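J.: So I've got this file, final-v4.txt, and it contains compact mmCIF, C-alpha atoms:
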# COMPACT_ATOMS: atom_id res chain seq x y z
CA MET V 113 -39.55 -18.26 -8.93
CA THR V 114 -36.76 -16.58 -6.94
CA SER V 115 -37.77 -13.33 -5.27
CA THR V 116 -35.71 -10.14 -5.52
CA THR V 117 -34.86 -10.41 -1.81
CA GLU V 118 -33.58 -13.95 -2.26
CA GLN V 119 -31.57 -12.86 -5.32
CA LEU V 120 -29.91 -9.99 -3.45
CA SER V 121 -29.06 -12.25 -0.52
CA VAL V 122 -26.67 -14.21 -2.70
CA THR V 123 -25.29 -11.39 -4.86
CA THR V 124 -21.93 -9.82 -4.17
CA LEU V 125 -21.28 -6.27 -3.03
CA LEU V 126 -19.09 -3.83 -4.96
CA ARG V 127 -17.88 -0.61 -3.40
CA PHE V 128 -16.79 1.86 -6.06
CA ALA V 129 -15.91 5.53 -6.29
CA THR V 130 -16.27 8.03 -9.11
CA ALA V 131 -13.82 10.84 -9.81
CA GLY V 132 -13.29 13.34 -12.58
CA SER V 133 -12.38 16.92 -13.36
CA VAL V 134 -14.91 19.71 -13.02
CA ASP V 135 -17.58 19.62 -15.76
CA ASP V 136 -16.52 16.19 -17.00
CA GLY V 137 -20.09 15.02 -16.35
CA LYS V 138 -19.44 12.81 -13.36
CA SER V 139 -22.65 13.61 -11.50
CA THR V 140 -24.57 13.18 -14.76
CA LEU V 141 -22.99 9.74 -15.21
CA VAL V 142 -24.00 8.71 -11.70
CA GLY V 143 -27.50 10.07 -12.23
CA ARG V 144 -27.78 8.24 -15.55
CA LEU V 145 -26.55 5.04 -13.94
CA LEU V 146 -29.17 5.29 -11.20
CA HIS V 147 -31.94 6.35 -13.59
CA ASP V 148 -31.38 3.76 -16.31
CA SER V 149 -30.89 0.93 -13.81
CA LYS V 150 -34.31 1.78 -12.33
CA SER V 151 -32.73 2.73 -8.99
CA VAL V 152 -34.48 6.09 -8.63
CA LEU V 153 -37.72 6.47 -6.69
CA THR V 154 -40.60 8.16 -8.46
CA ASP V 155 -40.71 11.11 -6.04
CA GLN V 156 -36.95 11.66 -6.48
CA LEU V 157 -37.32 11.76 -10.26
CA GLU V 158 -40.29 14.12 -10.02
CA ALA V 159 -38.28 16.46 -7.79
CA VAL V 160 -35.40 16.48 -10.28
CA GLU V 161 -37.77 17.13 -13.19
CA HIS V 162 -39.39 20.02 -11.28
CA ALA V 163 -36.00 21.55 -10.40
CA SER V 164 -34.84 21.18 -14.00
CA ARG V 165 -37.97 22.88 -15.40
CA SER V 166 -37.56 25.77 -12.96
CA ARG V 167 -34.11 26.30 -14.47
CA GLY V 168 -35.53 26.35 -17.96
CA GLN V 169 -34.22 22.89 -18.90
CA GLU V 170 -36.45 20.69 -21.01
CA ALA V 171 -34.88 17.35 -20.01
CA PRO V 172 -34.30 16.37 -16.36
CA ASP V 173 -30.82 17.21 -15.08
CA LEU V 174 -29.76 13.83 -13.73
CA ALA V 175 -26.77 15.38 -11.93
CA LEU V 176 -29.25 16.67 -9.34
CA LEU V 177 -29.78 13.09 -8.18
CA THR V 178 -26.34 13.12 -6.54
CA ASP V 179 -25.50 16.78 -5.92
CA GLY V 180 -27.56 16.97 -2.74
CA LEU V 181 -26.02 20.00 -1.01
CA ARG V 182 -27.56 23.36 -1.81
CA ALA V 183 -24.14 24.84 -2.62
CA GLU V 184 -23.49 21.95 -5.01
CA ARG V 185 -26.71 22.61 -6.91
CA GLU V 186 -26.15 26.37 -7.02
CA GLN V 187 -22.54 26.16 -8.20
CA GLY V 188 -22.98 23.09 -10.40
CA ILE V 189 -20.09 21.28 -8.72
CA THR V 190 -19.65 18.37 -6.34
CA ILE V 191 -18.23 19.41 -2.95
CA ASP V 192 -18.65 16.51 -0.54
CA VAL V 193 -18.65 12.73 -0.93
CA ALA V 194 -22.17 11.48 -1.67
CA TYR V 195 -22.88 7.83 -1.00
CA ARG V 196 -25.56 6.07 -3.01
CA TYR V 197 -26.84 2.54 -2.56
CA PHE V 198 -28.43 0.62 -5.40
CA ALA V 199 -28.71 -2.91 -6.68
CA THR V 200 -29.36 -4.98 -9.77
CA ALA V 201 -30.25 -8.64 -9.99
CA ARG V 202 -26.55 -9.46 -10.31
CA ARG V 203 -24.87 -7.29 -7.66
CA ARG V 204 -25.33 -4.74 -4.88
CA PHE V 205 -23.44 -1.45 -5.01
CA ILE V 206 -22.21 1.25 -2.66
CA LEU V 207 -21.20 4.25 -4.75
CA ALA V 208 -19.05 7.10 -3.44
CA ASP V 209 -19.44 10.14 -5.69
CA THR V 210 -16.32 12.21 -4.97
CA PRO V 211 -15.51 15.84 -5.92
CA GLY V 212 -13.30 16.78 -8.84
CA HIS V 213 -11.78 20.04 -7.60
CA VAL V 214 -8.14 20.07 -6.53
CA GLN V 215 -9.11 21.52 -3.14
CA TYR V 216 -11.29 18.46 -2.47
CA THR V 217 -8.57 15.84 -2.98
CA ARG V 218 -9.07 14.82 0.66
CA ASN V 219 -12.71 14.03 -0.10
CA MET V 220 -11.65 11.68 -2.89
CA VAL V 221 -9.26 9.95 -0.50
CA THR V 222 -12.17 9.42 1.87
CA GLY V 223 -14.41 7.98 -0.82
CA ALA V 224 -11.78 5.78 -2.45
CA SER V 225 -10.22 4.42 0.75
CA THR V 226 -12.68 1.52 0.92
CA ALA V 227 -13.38 1.23 -2.82
CA GLU V 228 -12.57 -1.85 -4.87
CA LEU V 229 -13.05 0.05 -8.14
CA ALA V 230 -12.65 3.66 -9.24
CA VAL V 231 -14.38 5.22 -12.24
CA VAL V 232 -12.27 8.10 -13.58
CA LEU V 233 -14.08 10.37 -16.03
CA VAL V 234 -12.41 12.22 -18.88
CA ASP V 235 -14.00 14.77 -21.23
CA ALA V 236 -13.40 13.45 -24.74
CA ARG V 237 -12.77 17.02 -25.95
CA ASN V 238 -10.04 17.69 -23.39
CA GLY V 239 -8.39 14.29 -22.99
CA VAL V 240 -6.17 13.40 -20.04
CA VAL V 241 -5.62 16.54 -17.96
CA GLU V 242 -3.76 17.28 -14.73
CA GLN V 243 -6.69 16.34 -12.53
CA THR V 244 -7.09 13.03 -14.39
CA ARG V 245 -3.51 12.12 -13.52
CA ARG V 246 -4.10 13.23 -9.94
CA HIS V 247 -7.13 10.96 -9.57
CA ALA V 248 -5.27 8.02 -11.09
CA ALA V 249 -2.40 8.61 -8.68
CA VAL V 250 -4.72 8.73 -5.66
CA ALA V 251 -6.39 5.49 -6.77
CA ALA V 252 -2.98 3.85 -7.12
CA LEU V 253 -1.82 5.23 -3.78
CA LEU V 254 -4.89 3.78 -2.06
CA ARG V 255 -4.34 0.43 -3.80
CA VAL V 256 -7.72 0.43 -5.56
CA PRO V 257 -7.48 -2.82 -7.56
CA HIS V 258 -9.69 -1.87 -10.54
CA VAL V 259 -9.85 1.43 -12.46
CA VAL V 260 -12.37 2.27 -15.20
CA LEU V 261 -11.58 5.12 -17.60
CA ALA V 262 -14.92 6.52 -18.77
CA VAL V 263 -14.30 8.74 -21.78
CA ASN V 264 -17.40 10.95 -21.59
CA LYS V 265 -19.10 13.35 -24.03
CA MET V 266 -18.33 11.17 -27.03
CA ASP V 267 -21.41 12.72 -28.66
CA LEU V 268 -19.52 16.03 -28.82
CA VAL V 269 -16.67 14.50 -30.85
CA ASP V 270 -18.99 12.68 -33.28
CA TYR V 271 -18.35 9.34 -31.54
CA ALA V 272 -14.92 9.21 -33.18
CA GLU V 273 -12.97 6.06 -32.40
CA PRO V 274 -9.49 7.67 -32.87
CA VAL V 275 -10.29 10.24 -30.17
CA PHE V 276 -11.22 7.50 -27.70
CA ALA V 277 -8.25 5.30 -28.65
CA ALA V 278 -5.71 8.10 -28.11
CA ILE V 279 -7.11 9.01 -24.68
CA ALA V 280 -7.34 5.37 -23.62
CA GLU V 281 -3.75 4.69 -24.66
CA GLU V 282 -2.36 7.73 -22.81
CA PHE V 283 -4.28 7.04 -19.60
CA THR V 284 -3.58 3.30 -19.59
CA ALA V 285 0.16 3.88 -19.94
CA TYR V 286 0.15 6.41 -17.09
CA ALA V 287 -1.98 4.31 -14.72
CA ALA V 288 0.05 1.18 -15.47
CA SER V 289 3.24 3.08 -14.58
CA LEU V 290 1.69 3.76 -11.15
CA GLY V 291 1.07 0.05 -10.62
CA VAL V 292 -2.70 -0.04 -11.16
CA PRO V 293 -3.29 -3.76 -11.87
CA ASP V 294 -6.51 -3.58 -13.92
CA ILE V 295 -7.56 -0.76 -16.27
CA THR V 296 -10.67 -0.76 -18.47
CA ALA V 297 -11.53 2.05 -20.91
CA ILE V 298 -15.16 2.64 -21.98
CA PRO V 299 -16.43 5.34 -24.41
CA ILE V 300 -19.69 6.89 -23.12
CA SER V 301 -22.11 9.77 -23.31
CA ALA V 302 -23.65 10.20 -19.88
CA LEU V 303 -26.08 12.83 -21.15
CA ALA V 304 -27.40 10.63 -23.99
CA GLY V 305 -26.98 7.35 -22.12
CA ASP V 306 -24.53 5.76 -24.57
CA ASN V 307 -22.74 2.74 -23.06
CA VAL V 308 -23.77 3.61 -19.50
CA VAL V 309 -26.47 0.99 -18.97
CA GLU V 310 -27.49 0.26 -22.55
CA PRO V 311 -25.04 -0.33 -25.47
CA SER V 312 -24.63 2.63 -27.80
CA ALA V 313 -26.07 2.58 -31.29
CA HIS V 314 -23.56 5.24 -32.34
CA MET V 315 -20.33 3.34 -31.57
CA ASP V 316 -20.50 0.03 -33.39
CA TRP V 317 -16.68 0.05 -33.41
CA TYR V 318 -16.70 -0.59 -29.63
CA GLY V 319 -17.29 -4.18 -28.61
CA GLY V 320 -16.63 -3.99 -24.89
CA PRO V 321 -19.03 -3.83 -21.91
CA THR V 322 -21.19 -0.92 -20.82
CA VAL V 323 -20.32 0.76 -17.53
CA LEU V 324 -23.03 -1.14 -15.64
CA GLU V 325 -22.14 -4.45 -17.26
CA HIS V 326 -18.53 -4.02 -16.21
CA LEU V 327 -19.56 -3.06 -12.67
CA GLU V 328 -21.73 -6.16 -12.49
CA THR V 329 -19.07 -8.56 -13.75
CA VAL V 330 -15.70 -7.24 -12.53
CA PRO V 331 -14.12 -9.78 -10.16
CA VAL V 332 -14.51 -8.67 -6.55
CA SER V 333 -12.50 -10.35 -3.85
CA HIS V 334 -13.83 -9.93 -0.33
CA ASP V 335 -11.72 -12.90 0.70
CA LEU V 336 -9.56 -11.58 3.51
CA THR V 337 -8.86 -15.10 4.69
CA GLY V 338 -5.73 -15.40 2.59
CA CYS V 339 -4.03 -12.73 4.71
CA PRO V 340 -2.47 -13.45 8.10
CA ALA V 341 -5.03 -13.30 10.91
CA ARG V 342 -5.35 -10.01 12.78
CA PHE V 343 -7.79 -9.56 15.67
CA PRO V 344 -7.88 -6.08 17.26
CA VAL V 345 -9.51 -6.29 20.68
CA GLN V 346 -12.44 -3.91 21.11
CA TYR V 347 -13.78 -4.98 24.49
CA VAL V 348 -13.01 -7.39 27.31
CA ILE V 349 -16.04 -9.40 28.46
CA ARG V 350 -15.87 -10.46 32.11
CA PRO V 351 -19.41 -11.06 33.47
CA GLN V 352 -18.29 -12.45 36.89
CA SER V 353 -21.83 -13.76 37.33
CA ALA V 354 -23.08 -16.92 38.99
CA GLU V 355 -23.71 -18.41 35.57
CA HIS V 356 -20.30 -17.42 34.17
CA PRO V 357 -17.98 -16.94 37.18
CA ASP V 358 -14.72 -17.49 35.30
CA TYR V 359 -15.63 -16.31 31.78
CA ARG V 360 -13.09 -13.99 30.18
CA GLY V 361 -13.49 -13.21 26.50
CA TYR V 362 -12.00 -10.70 24.10
CA ALA V 363 -14.53 -9.23 21.66
CA GLY V 364 -13.86 -7.59 18.33
CA GLN V 365 -14.02 -7.90 14.57
CA ILE V 366 -11.49 -10.07 12.75
CA ALA V 367 -9.66 -7.65 10.45
CA SER V 368 -8.15 -10.35 8.25
CA GLY V 369 -7.37 -14.05 8.10
CA VAL V 370 -8.78 -17.03 9.98
CA LEU V 371 -8.77 -17.90 13.70
CA ARG V 372 -9.05 -21.51 14.86
CA VAL V 373 -9.56 -23.15 18.24
CA GLY V 374 -6.30 -24.75 19.37
CA GLU V 375 -4.15 -22.22 17.50
CA ALA V 376 -1.15 -20.65 19.23
CA VAL V 377 -1.43 -16.86 19.30
CA THR V 378 0.63 -13.88 20.40
CA VAL V 379 -0.79 -10.77 22.03
CA LEU V 380 0.74 -7.47 20.95
CA PRO V 381 2.33 -5.24 22.02
CA SER V 382 3.17 -7.30 25.15
CA GLY V 383 4.41 -10.31 23.16
CA ARG V 384 2.74 -12.78 25.57
CA THR V 385 1.64 -16.07 24.03
CA SER V 386 -1.32 -18.36 24.62
CA THR V 387 -3.70 -20.72 22.83
CA ILE V 388 -7.26 -20.16 21.61
CA VAL V 389 -9.54 -22.45 23.63
CA GLY V 390 -12.85 -21.09 22.40
CA ILE V 391 -14.49 -18.80 19.83
CA ASP V 392 -18.02 -17.50 20.39
CA ALA V 393 -19.98 -16.14 17.42
CA LEU V 394 -23.64 -15.07 17.61
CA GLY V 395 -24.03 -16.75 20.99
CA GLU V 396 -22.68 -20.11 19.87
CA SER V 397 -19.28 -21.76 20.17
CA VAL V 398 -17.50 -22.36 16.86
CA ASP V 399 -14.19 -23.98 15.95
CA ILE V 400 -13.23 -21.50 13.25
CA ALA V 401 -13.96 -17.84 12.41
CA TRP V 402 -12.79 -15.57 9.62
CA ALA V 403 -12.76 -11.92 8.55
CA PRO V 404 -14.85 -9.84 8.79
CA GLN V 405 -16.82 -11.73 11.46
CA SER V 406 -17.35 -10.19 14.90
CA VAL V 407 -16.52 -12.77 17.56
CA THR V 408 -15.38 -13.27 21.12
CA VAL V 409 -12.10 -15.14 21.59
CA ARG V 410 -11.20 -17.08 24.74
CA LEU V 411 -7.60 -17.91 25.59
CA ALA V 412 -6.05 -20.64 27.73
CA ASP V 413 -4.11 -18.19 29.92
CA ASP V 414 -5.19 -15.16 31.93
CA ILE V 415 -3.18 -12.46 30.20
CA ASP V 416 -3.43 -8.73 30.77
CA ILE V 417 -5.30 -7.78 27.58
CA SER V 418 -7.27 -4.60 27.01
CA ARG V 419 -8.86 -2.60 24.21
CA GLY V 420 -6.30 -1.80 21.52
CA ASP V 421 -4.26 -4.98 21.89
CA LEU V 422 -3.86 -7.18 18.83
CA ILE V 423 -4.15 -10.98 18.80
CA ALA V 424 -2.33 -12.70 15.93
CA PRO V 425 -1.17 -16.27 15.16
CA SER V 426 2.28 -16.86 16.62
CA ALA V 427 3.39 -18.13 13.22
CA SER V 428 2.70 -14.76 11.52
CA VAL V 429 3.17 -11.99 14.06
CA PRO V 430 3.40 -8.47 12.58
CA PRO V 431 6.46 -6.49 13.59
CA ALA V 432 5.91 -4.00 16.40
CA THR V 433 7.58 -0.62 16.06
CA GLN V 434 7.55 2.87 17.51
CA ASP V 435 8.88 4.42 14.28
CA VAL V 436 6.11 4.55 11.69
CA GLU V 437 7.06 5.43 8.12
CA ALA V 438 4.03 6.18 5.99
CA THR V 439 2.38 8.15 3.25
CA VAL V 440 -0.36 10.45 4.53
CA CYS V 441 -3.05 12.60 2.98
CA HIS V 442 -3.51 15.70 5.08
CA VAL V 443 -7.23 16.40 5.51
CA ALA V 444 -7.36 19.20 8.11
CA ASP V 445 -7.35 22.92 7.35
CA GLN V 446 -4.49 23.58 9.76
CA PRO V 447 -1.10 22.31 8.51
CA LEU V 448 0.76 19.26 9.78
CA THR V 449 4.26 20.28 10.90
CA VAL V 450 7.49 18.65 12.00
CA GLY V 451 7.56 18.33 15.80
CA GLN V 452 3.77 18.39 16.11
CA ARG V 453 2.20 16.29 18.86
CA VAL V 454 -0.58 14.03 17.62
CA LEU V 455 -2.56 10.95 18.49
CA LEU V 456 -2.22 7.95 16.19
CA LYS V 457 -5.27 5.69 15.89
CA HIS V 458 -4.61 2.22 14.44
CA THR V 459 -7.52 -0.25 14.47
CA THR V 460 -8.80 -0.04 18.09
CA ARG V 461 -5.57 1.37 19.55
CA THR V 462 -4.83 5.08 20.06
CA VAL V 463 -1.38 6.22 21.23
CA LYS V 464 0.48 9.49 21.65
CA ALA V 465 2.95 10.34 18.90
CA ILE V 466 5.20 13.04 17.49
CA VAL V 467 5.74 13.92 13.84
CA LYS V 468 9.52 13.54 13.73
CA ASP V 469 10.03 14.29 10.04
CA ILE V 470 8.26 15.08 6.79
CA PRO V 471 10.83 13.90 4.23
CA SER V 472 8.86 14.84 1.14
CA ARG V 473 5.64 16.09 -0.37
CA LEU V 474 4.27 14.34 -3.44
CA THR V 475 3.44 16.42 -6.51
CA LEU V 476 0.63 14.40 -8.05
CA ASP V 477 0.82 16.20 -11.40
CA ASP V 478 4.10 14.51 -12.36
CA LEU V 479 4.75 12.28 -9.29
CA SER V 480 7.85 14.26 -8.39
CA GLN V 481 8.95 14.63 -4.78
CA HIS V 482 9.36 18.01 -3.12
CA PRO V 483 12.03 17.28 -0.48
CA ALA V 484 11.82 18.44 3.14
CA PRO V 485 8.71 20.64 2.89
CA GLY V 486 8.56 20.97 6.69
CA ARG V 487 4.77 20.94 6.64
CA LEU V 488 1.76 19.53 4.82
CA ALA V 489 -1.23 21.71 4.01
CA ALA V 490 -4.81 20.60 3.39
CA ASN V 491 -5.06 18.07 0.54
CA ASP V 492 -1.27 17.55 0.46
CA ILE V 493 0.07 14.00 0.22
CA GLY V 494 3.50 13.34 1.63
CA ARG V 495 5.85 11.01 3.44
CA VAL V 496 6.06 11.25 7.24
CA LEU V 497 8.04 9.64 10.03
CA VAL V 498 6.06 9.38 13.25
CA ARG V 499 7.45 8.28 16.61
CA THR V 500 4.87 6.69 18.91
CA ALA V 501 4.89 6.48 22.69
CA GLU V 502 4.09 2.76 22.58
CA PRO V 503 4.86 0.04 20.03
CA LEU V 504 2.31 -0.54 17.27
CA ALA V 505 1.82 -3.68 15.19
CA LEU V 506 1.20 -2.32 11.69
CA ASP V 507 1.19 -4.24 8.46
CA ALA V 508 2.31 -2.57 5.25
CA TYR V 509 -0.67 -0.92 3.54
CA ALA V 510 0.29 -2.78 0.35
CA ASP V 511 -0.33 -6.05 2.21
CA SER V 512 -3.46 -5.03 4.13
CA ARG V 513 -5.56 -1.92 3.56
CA ARG V 514 -7.28 -2.65 6.89
CA THR V 515 -4.35 -3.07 9.27
CA GLY V 516 -1.91 -0.94 7.28
CA SER V 517 -3.96 2.26 7.63
CA PHE V 518 -4.21 4.73 10.49
CA LEU V 519 -5.36 8.23 11.41
CA LEU V 520 -3.45 11.13 12.90
CA ILE V 521 -5.64 13.10 15.34
CA ASP V 522 -5.29 16.47 17.05
CA PRO V 523 -5.06 15.69 20.81
CA ALA V 524 -6.54 19.07 21.70
CA ASP V 525 -9.93 18.74 20.01
CA GLY V 526 -10.07 15.30 18.39
CA THR V 527 -9.95 16.64 14.82
CA THR V 528 -8.73 14.18 12.21
CA LEU V 529 -5.50 15.60 10.77
CA ALA V 530 -4.35 12.99 8.26
CA ALA V 531 -5.11 9.56 6.85
CA GLY V 532 -2.02 7.36 6.76
CA MET V 533 -0.84 4.33 4.82
CA ALA V 534 2.07 2.50 6.42
CA GLY V 535 5.04 1.42 4.36
CA ARG V 536 6.36 2.61 1.04
CA SER V 537 4.15 4.18 -1.61
CA PHE V 538 4.25 3.67 -5.38
CA ALA V 539 6.53 6.67 -5.85
CA ALA V 540 10.22 6.92 -4.99
CA GLU V 541 10.80 8.74 -1.75
CA ALA V 542 13.27 11.53 -1.17
CA GLU V 543 15.97 10.88 1.39
CA ALA V 544 15.98 13.20 4.38
CA GLU V 545 17.98 13.54 7.56
CA PRO V 546 16.06 12.70 10.74
CA VAL V 547 14.85 15.70 12.70
CA GLN V 548 15.61 15.89 16.40
CA ASP V 549 12.81 17.00 18.70
CA ASP V 550 13.48 17.15 22.41
CA GLU V 551 10.43 19.14 23.46
CA GLY V 552 7.46 17.67 25.28
CA TRP V 553 6.55 14.15 24.17
CA ASP V 554 10.05 12.76 23.70
CA PHE V 555 9.85 9.04 22.98
Can the structure in the file be given as structure tokens, please?
T.:
Amino acid sequence: MTSTTEQLSVTTLLRFATAGSVDDGKSTLVGRLLHDSKSVLTDQLEAVEHASRSRGQEAPDLALLTDGLRAEREQGITIDVAYRYFATARRRFILADTPGHVQYTRNMVTGASTAELAVVLVDARNGVVEQTRRHAAVAALLRVPHVVLAVNKMDLVDYAEPVFAAIAEEFTAYAASLGVPDITAIPISALAGDNVVEPSAHMDWYGGPTVLEHLETVPVSHDLTGCPARFPVQYVIRPQSAEHPDYRGYAGQIASGVLRVGEAVTVLPSGRTSTIVGIDALGESVDIAWAPQSVTVRLADDIDISRGDLIAPSASVPPATQDVEATVCHVADQPLTVGQRVLLKHTTRTVKAIVKDIPSRLTLDDLSQHPAPGRLAANDIGRVLVRTAEPLALDAYADSRRTGSFLLIDPADGTTLAAGMAGRSFAAEAEAEPVQDDEGWDF
């Protein structure tokens, strides 16, 4: 008989995020998912039951399983991203429970940035609201490949099929217009447990999967080998010992694609070329390595390579540029302004940069563009043009979420200012004249 450990060793991993408006029951859904899938420890459940009784509630408030901060429990809202790890016999999961408030849009961006699926909750009584459209837009912006619409509180609308059908139709049309490739609508009651883990006895008109069944069976592609190879150098290994007098290796994690011994490669940003003569993985020499393995690469030529350089096959070299056009989500409390000096961190490389222009700010309610805002405040999403001091080899975020993303950092204190996605977004951008900036860091 196969043990649970052996089963989990061959199951796939799904990273997913939950999002929803305030009081849509998102934390209750997550709690129900954990509870009914037997992923809650006995002492955790006892603590929730005790806290619920002290509030005068007869049944345990499953939302307390995820709302861990004291302020979250007191206010009954989700403030920060809560990560939960659980598993079934079919799949392992990393769940990012993200806030629903408008002022925590940046937290949703954090949680959804690595997600392969987003669960968007809607209150069946209220239908698709402004925050629902905002969450769908963020998921589309971050290129989350799968979106689940969970129409919650169906018990409060008498499990009426027409109510579910109307909400599903409206949301599906909106999300499809944003370019979301896969949308699945599921009617649920998180409080009663309908269609969360077990099929509902009250909605015989629905023949689709439960939430957990869909999470267990949705196709998940971790195959980064179809993308061009990208190898950001983290560390140069040069022992200069008696045993390895001439060893020079470049260590890092393969961001995408496949590296092979004998392959011609180009080092960026210098543009120097060489050939891979060896790949070391886990202390052994191998002929081939693929993402996301951590390896050490040895080249035929002694080239000046340091942390932050990128090794790529000469046949598919990414373009290097000092003018980065991107969509960013501003996450800091202080605004991002035109002319501001920043640091741009891309993979293992950090360079000085200047915000040359902010052509537009995106209004997520209706996807309209507010032209030339001049600044981005906390939680704003907008287009920026950044000029870097040194060339960067970025892929378009649409092609690679790993090598198409970057951070803007405050050089004074190291605070993260914005999360960026290189290239064009799903929405049309407003045209703007370039802004001249001759002060300080003029590149």
J.: With only C-alpha atoms as the basis for distance, which of V:Asp522, V:Asp445, V:Asp507, V:Asp416 is at the shortest distance from Lys464 (chain V)?
T.: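 With only C-alpha atoms as the atom set, the closest residue is V:Asp522.
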J.: Figure out the distance between CA of Leu394 (chain V) and CA of Arg342 (chain V), please, to one decimal in Å.
T.: 19.6 Å
J.: CA of Gln405 (chain V) and CA of Ala230 (chain V) are how many Å apart?
T.: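 So the answer is 26.1 Å.
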J.: Which protein, DNA or RNA residues have an atom at most 10 Å from (-2.7, -16.7, 15.1), counting all atoms listed in the file? List them as a ChimeraX atom specification.
T.: /V:340-343,369-379,385-388,423-429
J.: For Ile300 (chain V), which residue out of V:Asp270, V:Asp414, V:Asp399, V:Asp525 is the nearest one, using only C-alpha atoms?
T.: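 Comparing V:Asp270, V:Asp414, V:Asp399, V:Asp525 against Ile300 (chain V), the winner is V:Asp270.
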J.: Can you tell me how far CA of Ala224 (chain V) sits from CA of Leu504 (chain V), in Å to one decimal?
T.: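 Atom-to-atom, CA of Ala224 (chain V) and CA of Leu504 (chain V) are spaced 25.0 Å apart.
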J.: Dig up all the protein and nucleic acid residues within 12 Å of (0.0, -2.2, -12.4) in the file frame, using only C-alpha atoms, and format them as a ChimeraX atom specification.
T.: /V:248-249,251-253,255-259,284-295,538
J.: Taking all atoms listed in the file into account, which of V:Asn264, V:Thr244, V:Gln346, V:Thr528 comes nearest Ser406 (chain V)?
T.: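 Nearest to Ser406 (chain V): V:Gln346.
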J.: When distances are computed from all atoms listed in the file, which of V:Thr460, V:Thr527, V:Thr226, V:Thr449 shows the smallest separation from Ser418 (chain V)?
T.: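 The answer is V:Thr460, which sits nearest to Ser418 (chain V).
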J.: Show which residues sit within 12 Å of Ser312 (chain V), as a PyMOL selection string. Count only C-alpha atoms, and ignore same-chain residues fewer than 3 positions away.
T.: chain V and resi 266-267+271+298-302+304-309+315-323
J.: Nearest residue to Arg360 (chain V) out of V:Thr408, V:His314, V:Val332, V:Arg536, using only C-alpha atoms?
T.: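 Looking at the shortest contact to Arg360 (chain V), the residue is V:Thr408.
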J.: Considering only C-alpha atoms, state which residue in the set V:Thr140, V:Gln434, V:Gln446, V:Gln481 is at the smallest distance from Pro503 (chain V).
T.: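 Once distances to Pro503 (chain V) are computed over only C-alpha atoms, the minimum belongs to V:Gln434.
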J.: Extract, using only C-alpha atoms, all DNA, RNA and protein residues at most 9 Å from Ile417 (chain V), discarding same-chain residues fewer than 5 positions from it, and format them as a PyMOL selection string.
T.: chain V and resi 345+348+362+379-380+382+422
J.: Kindly provide, as AutoDock Vina command-line options, the centre and edge lengths (Å, one decimal) of an axis-aligned box around all atoms of region 403-416 of chain V given in the file, with 4 Å on each side.
T.:
--center_x -10.3 --center_y -14.7 --center_z 20.2 --size_x 22.2 --size_y 19.9 --size_z 31.4
